[in-house]
Amino acid sequence: MSLNVGILSIQGDVQENLLSTKAAFDELGINGNITQVKTTNEIFQLDGLIIPGGESTTIGQLSLVNGSLKILKEKIENGMPVLGICAGMIMLSMTVDDRVVGKTDQPLLNILDIKLQRNSFGRQQDSFESDISMDSIGIPKFNGIFIRAPTVSDIGSDVEILSKFNGQIIAVKKGNIIGTAFHPELTTDISLHKYFVNLVNSSKN
Ligand code: GLN
């Protein structure tokens with residue numbers, strides 16, 4: 001069976017996610033398509049989606065305007081696996097505060113019961129890398145790359161914590177929905193992309 005994984009291509013780290021997902025397909029021996037998507041029609045065809053990091057206010061506003069926010073929400077609510085990276089995790093969340101400007105009234109998918117603090121570690125110049133772990137999904141060591149990253153300040157009772165850094169929640173999972181504050185597509189380690197592709201594959205079978 002051929003798998004159709006999309007990278008939401010409105011703004012952000014699209015090419016890097018295409019390459020990491022392609023490498024994951026190749027290593028897992030999976031056939032299928034990895035496509036850049038932004039229209040409702042393109043999103044409708046998908047078995048799984050990555051919402052890349054970038055700027056959540058831009059991704060939210062443009063996907064609201066082109067109508068894709070609604071179909072994204074429907075598809076994810078109907079079980080389509082999604083990996084939301086940094087701004088992508090912000091898009092999945094219910095409530096967002098910015099560390100500096102406080103509450104932002106930005107379009108969100110309101111799908112994952114988490115509350116986030118945007119830009120939690122500071123500005124672009126405060127970007128950093130650190131070893132993290134996601135033991136519960138079989139990834140004991142991973143290079144976490146944090147760029148204007150959020151932290152998760154509150155979670156619903158059915159949301160699993162995948163990883164913490166300095167006591168702060170930086171990765172979560174609920175069913176087929178995964179959110180990370182760090183950027184797995186910026187490392188050569190494709191283990192999280194492989195985990196996600198396997199999730200898409202098993203939810204299609
Ligand atoms: N700070 C950005 C936002 O709030 C996210 C940064 C990123 O995706 N690397 O949208």
# chains A, B, ... in the order shown; residues from 1 in each chain; ligands from 1
$ select_by_dssp --residues "region 13-199 of chain A" --states "helix (DSSP H, G or I)" --output "PyMOL selection string"
chain A and resi 14-28+40-44+56-65+68-77+87-92+124-126+135-137+184-186+191-199
$ residues_near_ligand --ligand "ligand 1" --cutoff "6 Å" --atoms "only C-alpha atoms and all ligand atoms" --output "ChimeraX atom specification"
/A:53-57,86-87,118-119,147-149
$ write_last_selection --atoms "C-alpha atoms" --output "compact mmCIF listing (two decimals), in the first residue's frame"
# COMPACT_ATOMS: atom_id res chain seq x y z
CA GLY A 53 8.44 24.84 12.50
CA GLY A 54 8.46 28.44 11.40
CA GLU A 55 6.20 31.18 12.60
CA SER A 56 2.87 30.03 14.00
CA THR A 57 1.11 33.38 13.58
CA CYS A 86 7.69 23.95 17.22
CA ALA A 87 5.34 26.40 15.44
CA ARG A 118 5.75 30.74 22.99
CA ASN A 119 9.38 31.82 22.72
CA ILE A 147 14.95 27.85 17.99
CA ARG A 148 12.58 30.38 19.59
CA ALA A 149 10.98 27.26 21.00
$ residues_around --residues "Ile51 (chain A)" --least-positions-apart "2" --cutoff "6 Å" --atoms "only C-alpha atoms" --output "PyMOL selection string"
chain A and resi 8+84+88
$ atom_distance --atom1 "CA of Gln61 (chain A)" --atom2 "CA of Leu108 (chain A)"
8.9 Å
$ select_by_dssp --residues "region 32-93 of chain A" --states "strand (DSSP E or B)" --output "list in words"
Gly32, Asn33, Ile34, Thr35, Gln36, Val37, Gly48, Leu49, Ile50, Ile51, Val82, Leu83, Gly84 and Ile85 of chain A
$ write_last_selection --atoms "N, CA, C and O atoms" --output "PDB file, in the first residue's frame"
ATOM      1  N   GLY A  32       5.682   5.286  -1.400  1.00  0.00           N
ATOM      2  CA  GLY A  32       4.655   6.314  -1.278  1.00  0.00           C
ATOM      3  C   GLY A  32       5.113   7.670  -1.725  1.00  0.00           C
ATOM      4  O   GLY A  32       6.167   7.821  -2.342  1.00  0.00           O
ATOM      5  N   ASN A  33       4.306   8.633  -1.374  1.00  0.00           N
ATOM      6  CA  ASN A  33       4.574  10.007  -1.800  1.00  0.00           C
ATOM      7  C   ASN A  33       4.764  10.894  -0.586  1.00  0.00           C
ATOM      8  O   ASN A  33       4.046  10.757   0.402  1.00  0.00           O
ATOM      9  N   ILE A  34       5.727  11.798  -0.730  1.00  0.00           N
ATOM     10  CA  ILE A  34       5.887  12.849   0.276  1.00  0.00           C
ATOM     11  C   ILE A  34       5.672  14.148  -0.485  1.00  0.00           C
ATOM     12  O   ILE A  34       6.426  14.455  -1.410  1.00  0.00           O
ATOM     13  N   THR A  35       4.636  14.859  -0.119  1.00  0.00           N
ATOM     14  CA  THR A  35       4.265  16.009  -0.925  1.00  0.00           C
ATOM     15  C   THR A  35       4.181  17.277  -0.092  1.00  0.00           C
ATOM     16  O   THR A  35       3.893  17.236   1.110  1.00  0.00           O
ATOM     17  N   GLN A  36       4.388  18.389  -0.754  1.00  0.00           N
ATOM     18  CA  GLN A  36       4.166  19.691  -0.127  1.00  0.00           C
ATOM     19  C   GLN A  36       2.690  20.015  -0.307  1.00  0.00           C
ATOM     20  O   GLN A  36       2.188  19.975  -1.426  1.00  0.00           O
ATOM     21  N   VAL A  37       2.011  20.301   0.779  1.00  0.00           N
ATOM     22  CA  VAL A  37       0.569  20.548   0.681  1.00  0.00           C
ATOM     23  C   VAL A  37       0.215  21.898   1.284  1.00  0.00           C
ATOM     24  O   VAL A  37       0.819  22.339   2.253  1.00  0.00           O
ATOM     25  N   GLY A  48      -1.004  11.209   6.470  1.00  0.00           N
ATOM     26  CA  GLY A  48      -0.302  11.775   7.618  1.00  0.00           C
ATOM     27  C   GLY A  48       0.263  13.128   7.234  1.00  0.00           C
ATOM     28  O   GLY A  48       0.482  13.396   6.046  1.00  0.00           O
ATOM     29  N   LEU A  49       0.501  13.963   8.240  1.00  0.00           N
ATOM     30  CA  LEU A  49       0.925  15.336   7.954  1.00  0.00           C
ATOM     31  C   LEU A  49       1.988  15.790   8.951  1.00  0.00           C
ATOM     32  O   LEU A  49       1.886  15.517  10.154  1.00  0.00           O
ATOM     33  N   ILE A  50       2.975  16.516   8.449  1.00  0.00           N
ATOM     34  CA  ILE A  50       3.917  17.220   9.324  1.00  0.00           C
ATOM     35  C   ILE A  50       3.640  18.722   9.201  1.00  0.00           C
ATOM     36  O   ILE A  50       3.568  19.257   8.087  1.00  0.00           O
ATOM     37  N   ILE A  51       3.436  19.358  10.337  1.00  0.00           N
ATOM     38  CA  ILE A  51       3.336  20.826  10.345  1.00  0.00           C
ATOM     39  C   ILE A  51       4.692  21.332  10.826  1.00  0.00           C
ATOM     40  O   ILE A  51       5.077  21.107  11.973  1.00  0.00           O
ATOM     41  N   VAL A  82      -0.413  13.287  12.943  1.00  0.00           N
ATOM     42  CA  VAL A  82       0.212  14.579  12.664  1.00  0.00           C
ATOM     43  C   VAL A  82       1.408  14.776  13.589  1.00  0.00           C
ATOM     44  O   VAL A  82       1.360  14.399  14.762  1.00  0.00           O
ATOM     45  N   LEU A  83       2.493  15.302  13.001  1.00  0.00           N
ATOM     46  CA  LEU A  83       3.665  15.688  13.788  1.00  0.00           C
ATOM     47  C   LEU A  83       3.770  17.209  13.692  1.00  0.00           C
ATOM     48  O   LEU A  83       3.980  17.757  12.603  1.00  0.00           O
ATOM     49  N   GLY A  84       3.584  17.862  14.810  1.00  0.00           N
ATOM     50  CA  GLY A  84       3.676  19.329  14.842  1.00  0.00           C
ATOM     51  C   GLY A  84       4.987  19.730  15.483  1.00  0.00           C
ATOM     52  O   GLY A  84       5.263  19.395  16.637  1.00  0.00           O
ATOM     53  N   ILE A  85       5.812  20.426  14.712  1.00  0.00           N
ATOM     54  CA  ILE A  85       7.160  20.783  15.171  1.00  0.00           C
ATOM     55  C   ILE A  85       7.203  22.267  15.520  1.00  0.00           C
ATOM     56  O   ILE A  85       6.959  23.111  14.656  1.00  0.00           O
TER      57      ILE A  85
END
$ residues_around --residues "region 155-158 of chain A" --least-positions-apart "2" --cutoff "8 Å" --atoms "only C-alpha atoms" --output "list in words"
Asp113, Ile114, Lys115, Val152, Ser153, Glu160 and Lys174 of chain A
$ write_last_selection --atoms "C-alpha atoms" --output "compact mmCIF listing (two decimals), in the first residue's frame"
# COMPACT_ATOMS: atom_id res chain seq x y z
CA ASP A 113 -5.23 19.74 25.05
CA ILE A 114 -2.04 21.61 25.90
CA LYS A 115 -1.22 25.13 26.91
CA VAL A 152 4.27 23.21 27.34
CA SER A 153 2.98 24.81 30.53
CA GLU A 160 1.46 11.82 27.38
CA LYS A 174 -1.89 11.99 22.37
$ atom_distance --atom1 "CA of Leu19 (chain A)" --atom2 "CA of Lys204 (chain A)"
22.0 Å
$ closest_residue --among "A:Leu3, A:Leu162, A:Leu109, A:Ile177" --to "Ile139 (chain A)" --atoms "only C-alpha atoms"
A:Leu162
